[in-house]
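Novice: Take this structure first; my questions come after.
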Amino acid sequence: MSPAQTVDREFVVDLLKELVATSSVNPTVGRGPGELALSNLISERLSVLHGLEVHRQPVADARSNVIAILRGSGGGRTLMLNGHMDTVGVDGMIIDPFKPSIQKGLLRGRGACDMKGALAAMIAAIKSVIESGTKLRGDLIFSAVVDEEYKSLGIKKLVQEYKADAAIVGEPTDMRVATAHKGFVWIEVEVQGKAAHGSVPEKGIDAIAHAAKIMSAIEKLQGELGGRVHPLLGTPKIHASTIHGGTDWSIIPEKCVLRLERRTLPGETPKSALTEIEDILRTIKRENPDFNAIARSPYDMPPLETAESERIVQLAQQALTKMREAESAVVGVPYWTDGALLSTLASIPTCLFGPGDIGVAHSAEEYVSLEDVITSARVYGEIVQKYCL
């Protein structure tokens, strides 16, 4: 029997319940305990599967990636199944975040969609590959990483030691194969003014007023960006994230800091995004001699774009079509993923596929369809069987 035919439904559901019940809230973005308890649980569940090598890869403090390798007989392609263990925080949730409940085929709880459903499906797929007796020539690598929700420390560490010929990242794609997503560039603009008493504003330089000129130009820039269109991702985006300025009611603000996020298309670079803002600042300066501002980029991440002709993409589409008995075109997704770093840092052809709707990820009552989780396990198993020949 093929791996897709031997997926253990009860195992999948029970494992997903365990994963959701184990808090892995990212300590930076959600003030949570981190991934230690979940990495311990995943290591334990993997260690009982016959023939798997299970490793812990230290990343930071008590946070470590979990790596499992099913060795092939040799001469075949190596496939990596990848997912992240951390979740966002639980503020505002209207359900118990760590008490998984099932209603009408949906399992609810923090991380169910993003992305413990895919983690459970991937582990179940590995179990089915082993129990079906499928003989692989290439290696199968499973990697559960930390910190995707913040600065991707886990995937950055992973690619220093582990390589593959292709990878699938199990982000929630609503059961479609995704080959592209945007990158992002964070840009901070510091506007310097001159403090003065509020009764004599003409003796000062209003940094907030000058920041407003920048925001007006940003709005115009967004209109110009609308002329650039990617077939799967649409247009680039830019928005203001935060603004801080001024000190008191009766003081002309001498400083204002704008933080902007620029979502980039494949082919755009952090430098080109920063240059757009610097050009805006130069234009405003020409028209306003007392304007003084500088822009810098403290952080950025690249976009993902994988050719549809890549074997992993074709096999993923074929497997999905087989399991769902309906053809599915590749798509782009609006959010960022670790797949971009697998692609850019390690030159691994990468696509995304997993259960869940990004619209309910991070939400007040996050959930995932159990049928989609089980189907995903079957799809992963089918891909492994065909790719690792």
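Convention: chains lettered A, B, ... in structure tokens order; per-chain residue numbering from 1; ligands numbered from 1 as shown.
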Would you list the contacts of Val48 of chain A as a list in words, taking every protein, DNA or RNA residue within 12 Å and counting only C-alpha atoms, but skipping same-chain residues closer than 4 positions in sequence?
Specialist: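 Returned residues: Leu41, Ile42, Ser43, Glu44, Leu52, Glu53, Val54, Ala68, Ile123, Ile126, Lys127 and Ile130 of chain A.
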Novice: Looking only at the backbone, which of the residues in segment 291-326 of chain A does DSSP tag as strand (DSSP E), as number ranges by chain?
Specialist: A: 293-301, 304-305
Novice: Kindly save the residues from that selection, with N, CA and C atoms included, as a PDB file, in the first residue's frame.
Specialist:
```
ATOM      1  N   ALA A 293      15.323  65.168   7.465  1.00  0.00           N
ATOM      2  CA  ALA A 293      14.916  63.800   7.807  1.00  0.00           C
ATOM      3  C   ALA A 293      15.885  62.796   7.195  1.00  0.00           C
ATOM      4  N   ILE A 294      16.026  61.666   7.875  1.00  0.00           N
ATOM      5  CA  ILE A 294      16.842  60.576   7.355  1.00  0.00           C
ATOM      6  C   ILE A 294      16.034  59.281   7.421  1.00  0.00           C
ATOM      7  N   ALA A 295      16.332  58.383   6.500  1.00  0.00           N
ATOM      8  CA  ALA A 295      15.647  57.082   6.459  1.00  0.00           C
ATOM      9  C   ALA A 295      16.682  55.974   6.597  1.00  0.00           C
ATOM     10  N   ARG A 296      16.319  54.936   7.319  1.00  0.00           N
ATOM     11  CA  ARG A 296      17.186  53.762   7.454  1.00  0.00           C
ATOM     12  C   ARG A 296      16.305  52.515   7.499  1.00  0.00           C
ATOM     13  N   SER A 297      16.911  51.387   7.162  1.00  0.00           N
ATOM     14  CA  SER A 297      16.183  50.119   7.183  1.00  0.00           C
ATOM     15  C   SER A 297      16.809  49.188   8.216  1.00  0.00           C
ATOM     16  N   PRO A 298      16.118  48.933   9.350  1.00  0.00           N
ATOM     17  CA  PRO A 298      16.693  48.075  10.383  1.00  0.00           C
ATOM     18  C   PRO A 298      16.526  46.588  10.117  1.00  0.00           C
ATOM     19  N   TYR A 299      15.593  46.214   9.211  1.00  0.00           N
ATOM     20  CA  TYR A 299      15.318  44.785   9.042  1.00  0.00           C
ATOM     21  C   TYR A 299      14.574  44.559   7.735  1.00  0.00           C
ATOM     22  N   ASP A 300      14.865  43.432   7.102  1.00  0.00           N
ATOM     23  CA  ASP A 300      14.148  43.072   5.884  1.00  0.00           C
ATOM     24  C   ASP A 300      14.179  41.567   5.696  1.00  0.00           C
ATOM     25  N   MET A 301      13.249  41.050   4.907  1.00  0.00           N
ATOM     26  CA  MET A 301      13.204  39.644   4.535  1.00  0.00           C
ATOM     27  C   MET A 301      12.848  39.539   3.047  1.00  0.00           C
ATOM     28  N   LEU A 304       9.565  35.192  -1.954  1.00  0.00           N
ATOM     29  CA  LEU A 304       9.715  33.829  -2.478  1.00  0.00           C
ATOM     30  C   LEU A 304       9.124  33.772  -3.879  1.00  0.00           C
ATOM     31  N   GLU A 305       9.851  33.138  -4.775  1.00  0.00           N
ATOM     32  CA  GLU A 305       9.311  32.831  -6.103  1.00  0.00           C
ATOM     33  C   GLU A 305       9.980  31.568  -6.604  1.00  0.00           C
TER      34      GLU A 305
END
```
Novice: Considering only C-alpha atoms, return as a list in words whatever protein or nucleic-acid residues lie within 6 Å of Val373 of chain A, sequence-local ones (same chain, fewer than 3 positions apart) excluded.
Specialist: Gly117, Ala121, Pro355, Leu370 and Ser376 of chain A
Novice: Could you write out, as an NGL selection string, all the residues of segment 134-279 of chain A that DSSP marks as alpha helix (DSSP H)?
Specialist: :A and (153-161 or 207-225 or 270-279)
Novice: Generate the output file for the selected residues, C-alpha atoms, as a PDB file, in the first residue's frame.
Specialist:
```pdb
ATOM      1  CA  LEU A 153      16.155  32.371  14.069  1.00  0.00           C
ATOM      2  CA  GLY A 154      15.257  28.705  13.677  1.00  0.00           C
ATOM      3  CA  ILE A 155      15.291  28.495   9.891  1.00  0.00           C
ATOM      4  CA  LYS A 156      18.471  30.591   9.712  1.00  0.00           C
ATOM      5  CA  LYS A 157      20.183  28.072  11.973  1.00  0.00           C
ATOM      6  CA  LEU A 158      18.662  25.089  10.169  1.00  0.00           C
ATOM      7  CA  VAL A 159      20.106  25.923   6.765  1.00  0.00           C
ATOM      8  CA  GLN A 160      23.607  26.172   8.230  1.00  0.00           C
ATOM      9  CA  GLU A 161      23.627  22.411   8.807  1.00  0.00           C
ATOM     10  CA  ALA A 207       8.618  67.779  12.988  1.00  0.00           C
ATOM     11  CA  ILE A 208       5.108  66.292  12.974  1.00  0.00           C
ATOM     12  CA  ALA A 209       3.960  68.702  10.269  1.00  0.00           C
ATOM     13  CA  HIS A 210       6.942  67.662   8.180  1.00  0.00           C
ATOM     14  CA  ALA A 211       6.146  63.998   8.837  1.00  0.00           C
ATOM     15  CA  ALA A 212       2.682  64.691   7.434  1.00  0.00           C
ATOM     16  CA  LYS A 213       4.316  65.765   4.175  1.00  0.00           C
ATOM     17  CA  ILE A 214       6.075  62.404   4.059  1.00  0.00           C
ATOM     18  CA  MET A 215       2.788  60.570   4.616  1.00  0.00           C
ATOM     19  CA  SER A 216       1.168  62.504   1.806  1.00  0.00           C
ATOM     20  CA  ALA A 217       4.017  61.446  -0.497  1.00  0.00           C
ATOM     21  CA  ILE A 218       3.714  57.835   0.710  1.00  0.00           C
ATOM     22  CA  GLU A 219       0.092  57.830  -0.397  1.00  0.00           C
ATOM     23  CA  LYS A 220       1.194  59.009  -3.844  1.00  0.00           C
ATOM     24  CA  LEU A 221       3.937  56.347  -3.906  1.00  0.00           C
ATOM     25  CA  GLN A 222       1.372  53.617  -3.241  1.00  0.00           C
ATOM     26  CA  GLY A 223      -0.518  54.773  -6.303  1.00  0.00           C
ATOM     27  CA  GLU A 224       2.658  54.534  -8.376  1.00  0.00           C
ATOM     28  CA  LEU A 225       3.397  51.056  -7.033  1.00  0.00           C
ATOM     29  CA  PRO A 270      15.710  46.363   0.239  1.00  0.00           C
ATOM     30  CA  LYS A 271      17.984  48.966  -1.326  1.00  0.00           C
ATOM     31  CA  SER A 272      15.466  49.879  -4.018  1.00  0.00           C
ATOM     32  CA  ALA A 273      12.681  50.169  -1.422  1.00  0.00           C
ATOM     33  CA  LEU A 274      14.806  52.431   0.782  1.00  0.00           C
ATOM     34  CA  THR A 275      15.798  54.533  -2.229  1.00  0.00           C
ATOM     35  CA  GLU A 276      12.117  55.250  -2.938  1.00  0.00           C
ATOM     36  CA  ILE A 277      11.789  56.826   0.501  1.00  0.00           C
ATOM     37  CA  GLU A 278      15.080  58.687   0.244  1.00  0.00           C
ATOM     38  CA  ASP A 279      13.889  60.157  -3.067  1.00  0.00           C
TER      39      ASP A 279
END
```
Novice: How many Å separate atom CA of Ala319 of chain A from atom CA of Asp372 of chain A?
Specialist: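 If I compute the distance from atom CA of Ala319 of chain A to atom CA of Asp372 of chain A, I get 13.9 Å.
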Novice: Would you compute the distance between atom CA of Arg9 of chain A and atom CA of Glu171 of chain A? Give it in Å to one decimal.
Specialist: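 Separating atom CA of Arg9 of chain A from atom CA of Glu171 of chain A is a distance of 20.5 Å.
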Novice: I'd like the contact shell of Gly111 of chain A - 9 Å cut-off, only C-alpha atoms, skipping same-chain residues fewer than 4 positions apart - returned as number ranges by chain.
Specialist: A: 19-20, 23-25, 85-88, 97, 115-117, 361-362, 366-367
Novice: Mind pulling up the distance from atom CA of Pro100 of chain A to atom CA of Ser143 of chain A?
Specialist: 23.8 Å
Novice: Using only C-alpha atoms, which protein or nucleic acid residues come within 8 Å of Ala180 of chain A? Drop anything in the same chain fewer than 2 positions from it, and give the result as a CSV table (one decimal) with N, CA and C atoms, in the first residue's frame.
Specialist:
```
chain,number,residue,atom,x,y,z
A,178,ALA,N,1.3,26.8,-3.2
A,178,ALA,CA,1.7,28.2,-3.4
A,178,ALA,C,3.2,28.2,-3.8
A,182,LYS,N,5.3,37.8,-1.1
A,182,LYS,CA,6.1,39.0,-1.0
A,182,LYS,C,7.1,38.9,0.1
A,232,LEU,N,1.0,36.4,-9.7
A,232,LEU,CA,0.5,35.7,-8.6
A,232,LEU,C,0.3,36.5,-7.3
A,233,LEU,N,1.0,37.7,-7.3
A,233,LEU,CA,1.1,38.5,-6.0
A,233,LEU,C,0.5,39.8,-6.1
A,303,PRO,N,11.4,38.1,-0.7
A,303,PRO,CA,10.3,37.4,-1.2
A,303,PRO,C,10.6,36.0,-1.6
A,304,LEU,N,9.6,35.2,-2.0
A,304,LEU,CA,9.7,33.8,-2.5
A,304,LEU,C,9.1,33.8,-3.9
A,305,GLU,N,9.9,33.1,-4.8
A,305,GLU,CA,9.3,32.8,-6.1
A,305,GLU,C,10.0,31.6,-6.6
A,306,THR,N,9.2,30.5,-6.8
A,306,THR,CA,9.7,29.2,-7.3
A,306,THR,C,9.0,28.9,-8.6
A,331,VAL,N,-0.7,29.2,-6.7
A,331,VAL,CA,-1.1,30.5,-6.3
A,331,VAL,C,0.0,31.2,-5.6
A,332,GLY,N,-0.2,32.5,-5.3
A,332,GLY,CA,0.7,33.2,-4.5
A,332,GLY,C,-0.1,33.5,-3.2
A,333,VAL,N,0.6,33.7,-2.1
A,333,VAL,CA,0.0,34.0,-0.8
A,333,VAL,C,0.4,35.4,-0.3
A,351,CYS,N,8.1,25.1,-2.2
A,351,CYS,CA,6.7,25.5,-2.3
A,351,CYS,C,6.0,25.4,-1.0
```
Novice: Skip Gly138 of chain A itself and residues of its chain fewer than 5 positions away, then list as a PyMOL selection string all residues within 9 Å of it, counting only C-alpha atoms.
Specialist: chain A and resi 70-79+387-389
Novice: With N, CA and C atoms retained, export the selected residues as a JSON list (two decimals), in the first residue's frame.
Specialist:
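Once written, result37.json looks like this:
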```
[["chain", "number", "residue", "atom", "x", "y", "z"],
["A", 70, "LEU", "N", 14.72, 10.33, 7.81],
["A", 70, "LEU", "CA", 14.51, 8.96, 7.36],
["A", 70, "LEU", "C", 15.46, 8.73, 6.20],
["A", 71, "ARG", "N", 16.51, 7.96, 6.45],
["A", 71, "ARG", "CA", 17.54, 7.77, 5.45],
["A", 71, "ARG", "C", 17.05, 6.86, 4.32],
["A", 72, "GLY", "N", 17.37, 7.29, 3.09],
["A", 72, "GLY", "CA", 17.09, 6.45, 1.93],
["A", 72, "GLY", "C", 18.25, 5.51, 1.65],
["A", 73, "SER", "N", 18.07, 4.65, 0.68],
["A", 73, "SER", "CA", 19.10, 3.66, 0.36],
["A", 73, "SER", "C", 20.26, 4.27, -0.41],
["A", 74, "GLY", "N", 20.08, 5.49, -0.95],
["A", 74, "GLY", "CA", 21.16, 6.17, -1.67],
["A", 74, "GLY", "C", 20.82, 6.42, -3.12],
["A", 75, "GLY", "N", 21.31, 7.54, -3.63],
["A", 75, "GLY", "CA", 21.14, 7.86, -5.05],
["A", 75, "GLY", "C", 19.88, 8.60, -5.39],
["A", 76, "GLY", "N", 19.03, 8.89, -4.41],
["A", 76, "GLY", "CA", 17.79, 9.60, -4.69],
["A", 76, "GLY", "C", 17.82, 11.04, -4.23],
["A", 77, "ARG", "N", 16.74, 11.74, -4.46],
["A", 77, "ARG", "CA", 16.62, 13.15, -4.07],
["A", 77, "ARG", "C", 16.19, 13.28, -2.61],
["A", 78, "THR", "N", 16.68, 14.32, -1.96],
["A", 78, "THR", "CA", 16.34, 14.59, -0.56],
["A", 78, "THR", "C", 15.24, 15.65, -0.50],
["A", 79, "LEU", "N", 14.19, 15.34, 0.25],
["A", 79, "LEU", "CA", 13.06, 16.26, 0.42],
["A", 79, "LEU", "C", 12.97, 16.69, 1.88],
["A", 387, "TYR", "N", 8.93, 11.82, -4.90],
["A", 387, "TYR", "CA", 10.12, 12.68, -5.00],
["A", 387, "TYR", "C", 11.39, 11.98, -4.57],
["A", 388, "CYS", "N", 11.34, 11.22, -3.49],
["A", 388, "CYS", "CA", 12.56, 10.64, -2.93],
["A", 388, "CYS", "C", 12.93, 9.32, -3.59],
["A", 389, "LEU", "N", 12.81, 9.25, -4.90],
["A", 389, "LEU", "CA", 13.15, 8.02, -5.65],
["A", 389, "LEU", "C", 14.64, 7.98, -5.96]]
```
Novice: I'd like the contact shell of Ala316 of chain A - 9 Å cut-off, only C-alpha atoms, skipping same-chain residues fewer than 4 positions apart - returned as JSON, numbers by chain.
Specialist: {"A": [168, 177, 311, 312, 320, 321, 351, 353, 379, 380, 382, 383]}
Novice: Give the answer as one residue: which of A:Ile205, A:Leu106, A:Val185, A:Ile252 has the shortest atom-to-atom distance to His239 of chain A, using only C-alpha atoms?
Specialist: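 Selected residue with least distance to His239 of chain A: A:Val185.
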Novice: Select, from A:Asp206, A:Asp139, A:Asp290, A:Asp14, the residue with the minimum atom-to-atom distance to Ala166 of chain A, counting only C-alpha atoms.
Specialist: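 Answer, going by the shortest atom-to-atom distance: A:Asp139.
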